[in-house]
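Asks: Got work.cif for you, mmCIF, C-alpha atoms:
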```cif
data_final
#
loop_
_atom_site.group_PDB
_atom_site.id
_atom_site.type_symbol
_atom_site.label_atom_id
_atom_site.label_comp_id
_atom_site.auth_asym_id
_atom_site.auth_seq_id
_atom_site.Cartn_x
_atom_site.Cartn_y
_atom_site.Cartn_z
ATOM 1 C CA MET A 1156 0.000 0.000 0.000
ATOM 2 C CA MET A 1157 2.812 2.437 0.890
ATOM 3 C CA GLU A 1158 4.590 1.807 -2.437
ATOM 4 C CA LYS A 1159 1.351 2.481 -4.324
ATOM 5 C CA LEU A 1160 0.891 5.722 -2.427
ATOM 6 C CA LYS A 1161 4.481 6.795 -3.158
ATOM 7 C CA LEU A 1162 4.010 5.974 -6.847
ATOM 8 C CA ALA A 1163 0.738 7.912 -7.003
ATOM 9 C CA LEU A 1164 2.264 10.986 -5.360
ATOM 10 C CA LEU A 1165 5.389 10.888 -7.521
ATOM 11 C CA THR A 1166 3.338 10.409 -10.676
ATOM 12 C CA LEU A 1167 1.109 13.341 -9.695
ATOM 13 C CA ALA A 1168 4.172 15.522 -9.107
ATOM 14 C CA ILE A 1169 5.642 14.642 -12.494
ATOM 15 C CA LYS A 1170 2.337 15.097 -14.294
ATOM 16 C CA SER A 1171 2.021 18.559 -12.754
ATOM 17 C CA LEU A 1172 5.260 19.426 -14.590
ATOM 18 C CA ALA A 1173 4.558 17.334 -17.691
ATOM 19 C CA ILE A 1174 1.475 19.392 -18.544
ATOM 20 C CA TRP A 1175 3.748 22.418 -19.056
ATOM 21 C CA PRO A 1176 4.635 23.130 -22.684
ATOM 22 C CA LEU A 1177 8.194 22.165 -23.518
ATOM 23 C CA ARG A 1178 9.203 25.790 -24.036
ATOM 24 C CA ALA A 1179 8.411 26.335 -20.326
ATOM 25 C CA LEU A 1180 10.237 23.143 -19.349
ATOM 26 C CA TYR A 1181 13.289 24.383 -21.215
ATOM 27 C CA LEU A 1182 13.275 27.500 -19.045
ATOM 28 C CA LEU A 1183 13.376 25.139 -16.072
ATOM 29 C CA SER A 1184 16.227 23.258 -17.764
ATOM 30 C CA ASP A 1185 18.138 26.534 -18.153
ATOM 31 C CA PHE A 1186 17.637 27.160 -14.437
ATOM 32 C CA LEU A 1187 18.758 23.642 -13.490
ATOM 33 C CA TYR A 1188 21.924 23.639 -15.609
ATOM 34 C CA PRO A 1189 24.124 25.844 -13.354
ATOM 35 C CA ILE A 1190 22.871 23.966 -10.280
ATOM 36 C CA VAL A 1191 23.648 20.553 -11.754
ATOM 37 C CA TYR A 1192 26.986 21.631 -13.247
ATOM 38 C CA TYR A 1193 28.437 24.212 -10.880
ATOM 39 C CA VAL A 1194 26.725 23.645 -7.521
ATOM 40 C CA VAL A 1195 26.076 19.894 -7.355
ATOM 41 C CA GLY A 1196 28.792 18.993 -9.852
ATOM 42 C CA TYR A 1197 26.903 15.830 -10.779
ATOM 43 C CA ARG A 1198 29.556 13.254 -11.784
ATOM 44 C CA ARG A 1199 31.796 15.969 -13.188
ATOM 45 C CA LYS A 1200 34.978 14.041 -12.383
ATOM 46 C CA VAL A 1201 33.730 11.016 -14.311
ATOM 47 C CA VAL A 1202 32.611 13.140 -17.261
ATOM 48 C CA ARG A 1203 35.906 15.048 -17.391
ATOM 49 C CA LYS A 1204 37.937 11.832 -17.209
ATOM 50 C CA ASN A 1205 35.851 10.136 -19.912
ATOM 51 C CA MET A 1206 35.972 13.066 -22.300
ATOM 52 C CA THR A 1207 39.695 13.679 -21.806
ATOM 53 C CA SER A 1208 40.505 10.018 -22.511
ATOM 54 C CA ALA A 1209 38.153 9.844 -25.505
ATOM 55 C CA PHE A 1210 39.481 13.044 -27.096
ATOM 56 C CA PRO A 1211 43.185 13.268 -26.167
ATOM 57 C CA GLU A 1212 43.775 15.738 -29.003
ATOM 58 C CA LYS A 1213 41.494 18.356 -27.429
ATOM 59 C CA SER A 1214 42.804 21.104 -25.165
ATOM 60 C CA GLU A 1215 41.519 21.536 -21.620
ATOM 61 C CA LYS A 1216 39.499 24.533 -22.817
ATOM 62 C CA GLY A 1217 37.947 22.433 -25.577
ATOM 63 C CA ILE A 1218 37.056 19.649 -23.130
ATOM 64 C CA ILE A 1219 35.400 22.127 -20.748
ATOM 65 C CA GLN A 1220 33.360 23.646 -23.582
ATOM 66 C CA MET A 1221 32.211 20.185 -24.650
ATOM 67 C CA GLU A 1222 31.492 19.272 -21.028
ATOM 68 C CA LYS A 1223 29.258 22.321 -20.502
ATOM 69 C CA LYS A 1224 27.403 21.632 -23.726
ATOM 70 C CA PHE A 1225 26.799 18.071 -22.545
ATOM 71 C CA TYR A 1226 25.334 19.187 -19.207
ATOM 72 C CA ARG A 1227 23.003 21.632 -20.949
ATOM 73 C CA HIS A 1228 21.725 18.816 -23.124
ATOM 74 C CA PHE A 1229 21.523 16.489 -20.115
ATOM 75 C CA CYS A 1230 19.173 18.931 -18.338
ATOM 76 C CA ASP A 1231 17.084 19.173 -21.521
ATOM 77 C CA TYR A 1232 16.951 15.364 -21.645
ATOM 78 C CA LEU A 1233 15.544 15.267 -18.108
ATOM 79 C CA MET A 1234 12.782 17.741 -18.970
ATOM 80 C CA GLU A 1235 11.974 16.023 -22.251
ATOM 81 C CA THR A 1236 11.694 12.678 -20.493
ATOM 82 C CA LEU A 1237 9.305 14.127 -17.905
ATOM 83 C CA LYS A 1238 7.205 15.380 -20.803
ATOM 84 C CA LEU A 1239 6.639 11.769 -21.870
ATOM 85 C CA MET A 1240 4.039 11.608 -19.117
ATOM 86 C CA HIS A 1241 1.875 14.100 -21.000
ATOM 87 C CA ILE A 1242 2.606 14.367 -24.702
ATOM 88 C CA SER A 1243 0.297 13.778 -27.643
ATOM 89 C CA ASP A 1244 0.998 11.414 -30.525
ATOM 90 C CA ASN A 1245 1.113 14.339 -32.963
ATOM 91 C CA GLU A 1246 3.640 16.266 -30.903
ATOM 92 C CA MET A 1247 5.737 13.150 -30.453
ATOM 93 C CA ARG A 1248 5.811 12.604 -34.210
ATOM 94 C CA ARG A 1249 7.023 16.172 -34.673
ATOM 95 C CA ARG A 1250 9.778 15.787 -32.112
ATOM 96 C CA MET A 1251 11.105 12.323 -33.001
ATOM 97 C CA LYS A 1252 11.122 11.616 -36.712
ATOM 98 C CA PHE A 1253 12.152 8.318 -38.251
ATOM 99 C CA THR A 1254 13.647 9.219 -41.599
ATOM 100 C CA ASN A 1255 13.447 5.746 -43.166
ATOM 101 C CA SER A 1256 10.953 3.695 -41.151
ATOM 102 C CA GLU A 1257 10.019 1.927 -44.385
ATOM 103 C CA LEU A 1258 13.123 -0.204 -43.829
ATOM 104 C CA ILE A 1259 11.344 -1.890 -40.927
ATOM 105 C CA GLU A 1260 8.301 -2.447 -43.117
ATOM 106 C CA ASP A 1261 10.529 -4.222 -45.657
ATOM 107 C CA LEU A 1262 11.959 -6.460 -42.904
ATOM 108 C CA ARG A 1263 8.512 -7.205 -41.522
ATOM 109 C CA SER A 1264 7.632 -9.309 -44.564
ATOM 110 C CA ASP A 1265 9.507 -12.438 -43.454
ATOM 111 C CA GLY A 1266 8.289 -12.428 -39.833
ATOM 112 C CA ARG A 1267 11.776 -12.655 -38.300
ATOM 113 C CA PRO A 1268 12.525 -10.693 -35.120
ATOM 114 C CA ILE A 1269 14.049 -7.244 -35.583
ATOM 115 C CA PHE A 1270 16.726 -6.141 -33.124
ATOM 116 C CA LEU A 1271 17.236 -2.368 -33.076
ATOM 117 C CA TYR A 1272 20.474 -1.222 -31.417
ATOM 118 C CA LEU A 1273 20.670 2.285 -29.984
ATOM 119 C CA GLY A 1274 23.121 4.335 -27.958
ATOM 120 C CA HIS A 1275 22.541 6.674 -25.036
ATOM 121 C CA GLN A 1276 22.547 9.408 -27.647
ATOM 122 C CA GLY A 1277 20.206 12.371 -28.116
ATOM 123 C CA ASN A 1278 16.994 11.463 -26.346
ATOM 124 C CA TRP A 1279 16.891 7.698 -26.528
ATOM 125 C CA GLU A 1280 13.710 7.630 -24.430
ATOM 126 C CA TYR A 1281 11.782 9.094 -27.375
ATOM 127 C CA VAL A 1282 12.567 6.056 -29.537
ATOM 128 C CA ILE A 1283 9.612 4.237 -27.945
ATOM 129 C CA SER A 1284 7.495 6.352 -30.306
ATOM 130 C CA ILE A 1285 8.642 4.070 -33.134
ATOM 131 C CA THR A 1286 5.199 2.468 -32.837
ATOM 132 C CA LEU A 1287 3.762 5.663 -34.384
ATOM 133 C CA TRP A 1288 5.821 4.980 -37.509
ATOM 134 C CA THR A 1289 5.559 1.197 -37.906
ATOM 135 C CA HIS A 1290 2.909 -1.433 -38.553
ATOM 136 C CA PRO A 1291 0.713 -2.191 -35.506
ATOM 137 C CA ASP A 1292 1.292 -5.923 -35.910
ATOM 138 C CA LEU A 1293 4.888 -5.515 -34.756
ATOM 139 C CA ALA A 1294 5.335 -6.245 -31.045
ATOM 140 C CA ALA A 1295 7.499 -3.290 -29.993
ATOM 141 C CA CYS A 1296 9.475 -3.881 -26.800
ATOM 142 C CA GLN A 1297 12.685 -2.836 -25.112
ATOM 143 C CA ILE A 1298 15.080 -4.309 -22.587
ATOM 144 C CA TYR A 1299 15.399 -2.469 -19.301
ATOM 145 C CA HIS A 1300 17.295 -2.954 -16.054
ATOM 146 C CA PRO A 1301 14.889 -3.003 -13.074
ATOM 147 C CA LEU A 1302 15.719 -0.378 -10.447
ATOM 148 C CA SER A 1303 16.207 -1.318 -6.814
ATOM 149 C CA ASN A 1304 13.756 1.408 -5.760
ATOM 150 C CA LYS A 1305 10.365 -0.150 -6.546
ATOM 151 C CA THR A 1306 8.581 3.181 -6.808
ATOM 152 C CA MET A 1307 11.075 4.626 -9.280
ATOM 153 C CA ASP A 1308 11.182 1.327 -11.172
ATOM 154 C CA LYS A 1309 7.419 1.359 -11.682
ATOM 155 C CA LEU A 1310 7.464 5.009 -12.700
ATOM 156 C CA VAL A 1311 10.209 4.497 -15.296
ATOM 157 C CA TYR A 1312 8.432 1.369 -16.563
ATOM 158 C CA ASN A 1313 5.210 3.347 -17.032
ATOM 159 C CA LEU A 1314 7.035 6.118 -18.895
ATOM 160 C CA ARG A 1315 8.733 3.642 -21.219
ATOM 161 C CA SER A 1316 5.472 1.816 -21.876
ATOM 162 C CA ARG A 1317 3.963 4.821 -23.603
ATOM 163 C CA PHE A 1318 2.912 4.336 -27.217
ATOM 164 C CA HIS A 1319 2.120 0.625 -26.656
ATOM 165 C CA SER A 1320 5.727 -0.424 -26.155
ATOM 166 C CA THR A 1321 6.492 -3.212 -23.679
ATOM 167 C CA GLY A 1322 9.380 -3.151 -21.218
ATOM 168 C CA ILE A 1323 11.168 -6.464 -20.642
ATOM 169 C CA ALA A 1324 13.424 -7.017 -17.644
ATOM 170 C CA GLN A 1325 16.864 -8.014 -18.910
ATOM 171 C CA LYS A 1326 16.937 -11.476 -17.355
ATOM 172 C CA GLN A 1327 13.543 -12.337 -18.848
ATOM 173 C CA THR A 1328 14.289 -11.209 -22.398
ATOM 174 C CA LEU A 1329 14.828 -14.549 -24.130
ATOM 175 C CA ARG A 1330 11.826 -16.176 -22.455
ATOM 176 C CA VAL A 1331 9.524 -13.282 -23.333
ATOM 177 C CA ILE A 1332 10.735 -13.051 -26.935
ATOM 178 C CA LEU A 1333 10.289 -16.798 -27.430
ATOM 179 C CA THR A 1334 6.768 -16.539 -26.017
ATOM 180 C CA MET A 1335 5.973 -13.723 -28.453
ATOM 181 C CA ILE A 1336 7.219 -15.775 -31.394
ATOM 182 C CA LYS A 1337 5.248 -18.805 -30.220
ATOM 183 C CA GLU A 1338 2.123 -16.639 -30.127
ATOM 184 C CA GLY A 1339 2.704 -15.586 -33.733
ATOM 185 C CA LYS A 1340 3.982 -12.089 -32.942
ATOM 186 C CA GLN A 1341 6.965 -10.427 -34.587
ATOM 187 C CA PRO A 1342 9.164 -8.738 -31.971
ATOM 188 C CA LEU A 1343 10.765 -5.361 -32.630
ATOM 189 C CA LEU A 1344 13.264 -5.246 -29.783
ATOM 190 C CA GLY A 1345 15.147 -2.115 -28.772
ATOM 191 C CA LEU A 1346 18.555 -2.624 -27.127
ATOM 192 C CA ILE A 1347 20.903 -0.033 -25.649
ATOM 193 C CA ALA A 1348 24.227 -1.801 -25.300
ATOM 194 C CA ASP A 1349 26.873 0.913 -24.996
ATOM 195 C CA GLN A 1350 27.571 0.712 -21.267
ATOM 196 C CA ARG A 1351 30.057 -1.474 -19.421
ATOM 197 C CA PRO A 1352 28.945 -5.093 -18.978
ATOM 198 C CA PRO A 1353 29.641 -6.948 -15.722
ATOM 199 C CA LEU A 1354 33.232 -8.091 -16.172
ATOM 200 C CA ARG A 1355 32.227 -11.739 -15.815
ATOM 201 C CA GLN A 1356 30.116 -11.200 -18.967
ATOM 202 C CA ALA A 1357 32.812 -9.329 -20.894
ATOM 203 C CA THR A 1358 33.339 -11.952 -23.580
ATOM 204 C CA THR A 1359 35.148 -9.588 -25.941
ATOM 205 C CA TRP A 1360 36.838 -6.184 -26.000
ATOM 206 C CA MET A 1361 37.523 -3.554 -28.648
ATOM 207 C CA ARG A 1362 39.032 -0.105 -29.082
ATOM 208 C CA PHE A 1363 36.213 2.410 -28.647
ATOM 209 C CA LEU A 1364 36.772 6.158 -28.293
ATOM 210 C CA ASN A 1365 40.534 5.575 -27.955
ATOM 211 C CA GLN A 1366 40.171 3.175 -25.025
ATOM 212 C CA ASP A 1367 40.123 -0.555 -24.247
ATOM 213 C CA THR A 1368 36.420 -1.298 -23.955
ATOM 214 C CA PRO A 1369 34.577 -4.459 -22.898
ATOM 215 C CA ILE A 1370 31.341 -4.698 -24.858
ATOM 216 C CA ILE A 1371 27.930 -6.228 -24.320
ATOM 217 C CA THR A 1372 27.334 -9.187 -26.639
ATOM 218 C CA GLY A 1373 24.284 -10.861 -25.092
ATOM 219 C CA GLY A 1374 21.877 -9.223 -27.543
ATOM 220 C CA GLU A 1375 23.877 -10.439 -30.508
ATOM 221 C CA THR A 1376 24.097 -13.978 -29.137
ATOM 222 C CA MET A 1377 20.330 -14.071 -28.638
ATOM 223 C CA GLY A 1378 19.573 -12.447 -31.990
ATOM 224 C CA VAL A 1379 21.765 -14.827 -33.952
ATOM 225 C CA LYS A 1380 20.030 -17.807 -32.319
ATOM 226 C CA LEU A 1381 16.654 -16.333 -33.306
ATOM 227 C CA ASN A 1382 17.809 -15.484 -36.859
ATOM 228 C CA ALA A 1383 16.945 -11.848 -36.235
ATOM 229 C CA HIS A 1384 17.527 -8.815 -38.407
ATOM 230 C CA PHE A 1385 19.965 -6.312 -36.854
ATOM 231 C CA LEU A 1386 19.625 -2.542 -37.210
ATOM 232 C CA TYR A 1387 21.347 0.480 -35.728
ATOM 233 C CA GLY A 1388 19.424 3.683 -35.026
ATOM 234 C CA SER A 1389 21.495 6.835 -35.519
ATOM 235 C CA ILE A 1390 19.954 9.658 -33.466
ATOM 236 C CA GLN A 1391 20.657 13.273 -34.388
ATOM 237 C CA CYS A 1392 19.371 16.474 -32.773
ATOM 238 C CA THR A 1393 18.092 18.828 -35.493
ATOM 239 C CA LYS A 1394 17.197 21.602 -33.034
ATOM 240 C CA ARG A 1395 16.368 21.859 -29.361
ATOM 241 C CA GLY A 1396 13.813 19.181 -28.506
ATOM 242 C CA HIS A 1397 13.681 17.768 -32.037
ATOM 243 C CA TYR A 1398 15.402 14.554 -33.103
ATOM 244 C CA GLU A 1399 15.747 12.414 -36.195
ATOM 245 C CA ILE A 1400 16.652 8.757 -36.231
ATOM 246 C CA THR A 1401 17.996 7.015 -39.308
ATOM 247 C CA LEU A 1402 18.033 3.225 -39.425
ATOM 248 C CA HIS A 1403 21.078 1.365 -40.760
ATOM 249 C CA PRO A 1404 21.392 -2.386 -41.328
ATOM 250 C CA ILE A 1405 24.232 -3.857 -39.283
ATOM 251 C CA LYS A 1406 26.466 -5.714 -41.705
ATOM 252 C CA PRO A 1407 28.876 -7.950 -39.792
ATOM 253 C CA ILE A 1408 32.329 -8.911 -40.988
ATOM 254 C CA LYS A 1409 32.265 -12.653 -41.550
ATOM 255 C CA GLU A 1410 35.634 -13.425 -39.975
ATOM 256 C CA GLU A 1411 35.151 -11.164 -36.940
ATOM 257 C CA GLU A 1412 33.897 -12.571 -33.643
ATOM 258 C CA PHE A 1413 30.827 -10.738 -32.270
ATOM 259 C CA SER A 1414 30.892 -8.585 -35.370
ATOM 260 C CA HIS A 1415 27.274 -7.390 -35.024
ATOM 261 C CA SER A 1416 28.102 -5.849 -31.660
ATOM 262 C CA LYS A 1417 31.378 -4.358 -32.867
ATOM 263 C CA GLN A 1418 29.833 -2.884 -36.002
ATOM 264 C CA TYR A 1419 27.137 -1.306 -33.843
ATOM 265 C CA MET A 1420 29.784 0.211 -31.569
ATOM 266 C CA ARG A 1421 31.722 1.560 -34.556
ATOM 267 C CA MET A 1422 28.640 3.273 -35.983
ATOM 268 C CA LEU A 1423 27.812 4.704 -32.575
ATOM 269 C CA GLU A 1424 31.392 5.943 -32.202
ATOM 270 C CA LYS A 1425 31.048 7.958 -35.416
ATOM 271 C CA ASP A 1426 27.880 9.573 -34.074
ATOM 272 C CA ILE A 1427 29.559 10.398 -30.762
ATOM 273 C CA VAL A 1428 32.584 11.966 -32.451
ATOM 274 C CA ALA A 1429 30.253 14.043 -34.654
ATOM 275 C CA SER A 1430 28.098 15.236 -31.721
ATOM 276 C CA PRO A 1431 29.859 14.390 -28.443
ATOM 277 C CA HIS A 1432 27.531 16.452 -26.243
ATOM 278 C CA LEU A 1433 24.595 14.190 -27.148
ATOM 279 C CA TRP A 1434 26.086 11.031 -25.572
ATOM 280 C CA LEU A 1435 25.709 10.073 -21.908
ATOM 281 C CA TRP A 1436 29.171 10.616 -20.404
ATOM 282 C CA THR A 1437 28.201 10.184 -16.740
ATOM 283 C CA HIS A 1438 28.621 6.394 -16.753
ATOM 284 C CA ASN A 1439 31.991 5.125 -15.456
ATOM 285 C CA ARG A 1440 32.445 3.238 -18.720
ATOM 286 C CA TRP A 1441 36.215 2.742 -18.580
ATOM 287 C CA ARG A 1442 36.780 1.887 -14.960
ATOM 288 C CA PHE A 1443 38.993 -1.085 -15.835
ATOM 289 C CA ARG A 1444 41.711 -1.607 -18.423
ATOM 290 C CA TYR A 1445 42.346 -4.943 -20.067
ATOM 291 C CA GLU A 1446 45.588 -5.446 -18.115
ATOM 292 C CA GLN A 1447 43.733 -4.983 -14.814
ATOM 293 C CA VAL A 1448 41.136 -7.611 -15.657
ATOM 294 C CA TYR A 1449 43.587 -10.104 -17.183
ATOM 295 C CA PRO A 1450 46.931 -9.508 -15.410
ATOM 296 C CA GLY A 1451 49.867 -11.224 -17.074
ATOM 297 C CA GLN A 1452 47.981 -11.998 -20.287
ATOM 298 C CA GLU A 1453 49.198 -10.704 -23.615
ATOM 299 C CA ARG A 1454 47.029 -7.961 -25.116
ATOM 300 C CA PRO A 1455 45.010 -9.168 -28.126
ATOM 301 C CA ASP A 1456 46.160 -7.739 -31.455
ATOM 302 C CA TYR A 1457 42.832 -5.983 -32.022
ATOM 303 C CA LEU A 1458 43.424 -3.801 -28.947
ATOM 304 C CA ASN A 1459 46.750 -2.668 -30.353
ATOM 305 C CA ALA A 1460 45.251 -1.598 -33.664
ATOM 306 C CA PRO A 1461 44.890 2.162 -34.227
#
```
Represent the supplied structure as structure tokens.
Replies:
Amino acid sequence: MMEKLKLALLTLAIKSLAIWPLRALYLLSDFLYPIVYYVVGYRRKVVRKNMTSAFPEKSEKGIIQMEKKFYRHFCDYLMETLKLMHISDNEMRRRMKFTNSELIEDLRSDGRPIFLYLGHQGNWEYVISITLWTHPDLAACQIYHPLSNKTMDKLVYNLRSRFHSTGIAQKQTLRVILTMIKEGKQPLLGLIADQRPPLRQATTWMRFLNQDTPIITGGETMGVKLNAHFLYGSIQCTKRGHYEITLHPIKPIKEEEFSHSKQYMRMLEKDIVASPHLWLWTHNRWRFRYEQVYPGQERPDYLNAP
């Protein structure tokens, strides 16, 4: 009962903000930015370290400029995500455009699952509106990591279930997808796989943003078993609060292990380099180097490549 009450009160509080037009929420974002950046300093050390390592050619002044631009966008992202609680289909279609959604329609013809890889780029939360651009027979869903706080977990789940998209807890993904297929549904599964996997699950590494990077390969392993199509969604910000996503087939290199995952990371890397402020830099992505995880082992050749 207490959790339900907390959820109701928190939802009411968010809805009271979500009814504001976005232009008003952006004023709030402008107010929050100096508090988050200068006063609270939310994860500034992690962001500075990540950016400096990813862009060693940039001066300290250049890193700070990029850092500030990131925090401004981060505050916008928070306001835009709150707005999900109260946004119309028409407004959502104006703010998140899929430039070539017909590609999904072409893939829908054979009934195979479609795995859509994304990065924490732009406003990835808005990608759930893909259901406004695709055939209603597709079973749109996304993997999420349940939060330890039950109230917040339920709130985030509700937000991400807008536009008839279904959230699937990570550990239940394969079972749920198999059930969908058994019921004659065609899953369209969204995966965000650009963070650091638990080291016990780090089956392969690569060079990503100039650093040794363990990558998540579970989605690829599952997708290959299910004979899925693989796509990457490139998210660009056209102006404040407006995004475009372009879908690209992921074409693996035959001789390369976990090539779907690595090709996805390479495409994401290009997007990050082009618009670094749009990526989520607050995650401690590079906490460990290869030598720390595998002391005494020779570095693989692919980590020595430029």
Asks: How far is it from CA of Arg1198 (chain A) to CA of Met1240 (chain A), in Å with one decimal?
Replies: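 Straight-line distance from CA of Arg1198 (chain A) to CA of Met1240 (chain A) works out to 26.6 Å.
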Asks: Can you turn the PyMOL selection byres ((chain A and resi 1317) around 12) into a concrete residue list for this file, as a PyMOL selection string?
Replies: chain A and resi 1236+1238-1244+1247+1280-1287+1295-1297+1310-1316+1318-1322
Asks: Hey, which of A:Leu1458, A:Val1202, A:Ile1427, A:Val1194 ends up closest to Arg1362 (chain A)? Count all atoms listed in the file.
Replies: A:Leu1458
Asks: I need the residue set behind the PyMOL selection byres ((chain A and resi 1228-1232) around 9) for this file; please write it as a list in words.
Replies: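 Selection result, ordered by chain and number: Leu1180, Tyr1181, Leu1183, Ser1184, Asp1185, Leu1187, Tyr1188, Val1191, Lys1223, Lys1224, Phe1225, Tyr1226, Arg1227, Leu1233, Met1234, Glu1235, Thr1236, Leu1237, Gly1277, Asn1278, Glu1280, Arg1395, Gly1396, His1432, Leu1433, Trp1434 and Leu1435 of chain A.
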Asks: I'd like to know which of A:Tyr1387, A:Phe1210, A:Trp1360, A:Tyr1398 is closest to Tyr1449 (chain A), using all atoms listed in the file.
Replies: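 Checking each candidate against Tyr1449 (chain A), we get A:Trp1360 as the closest.
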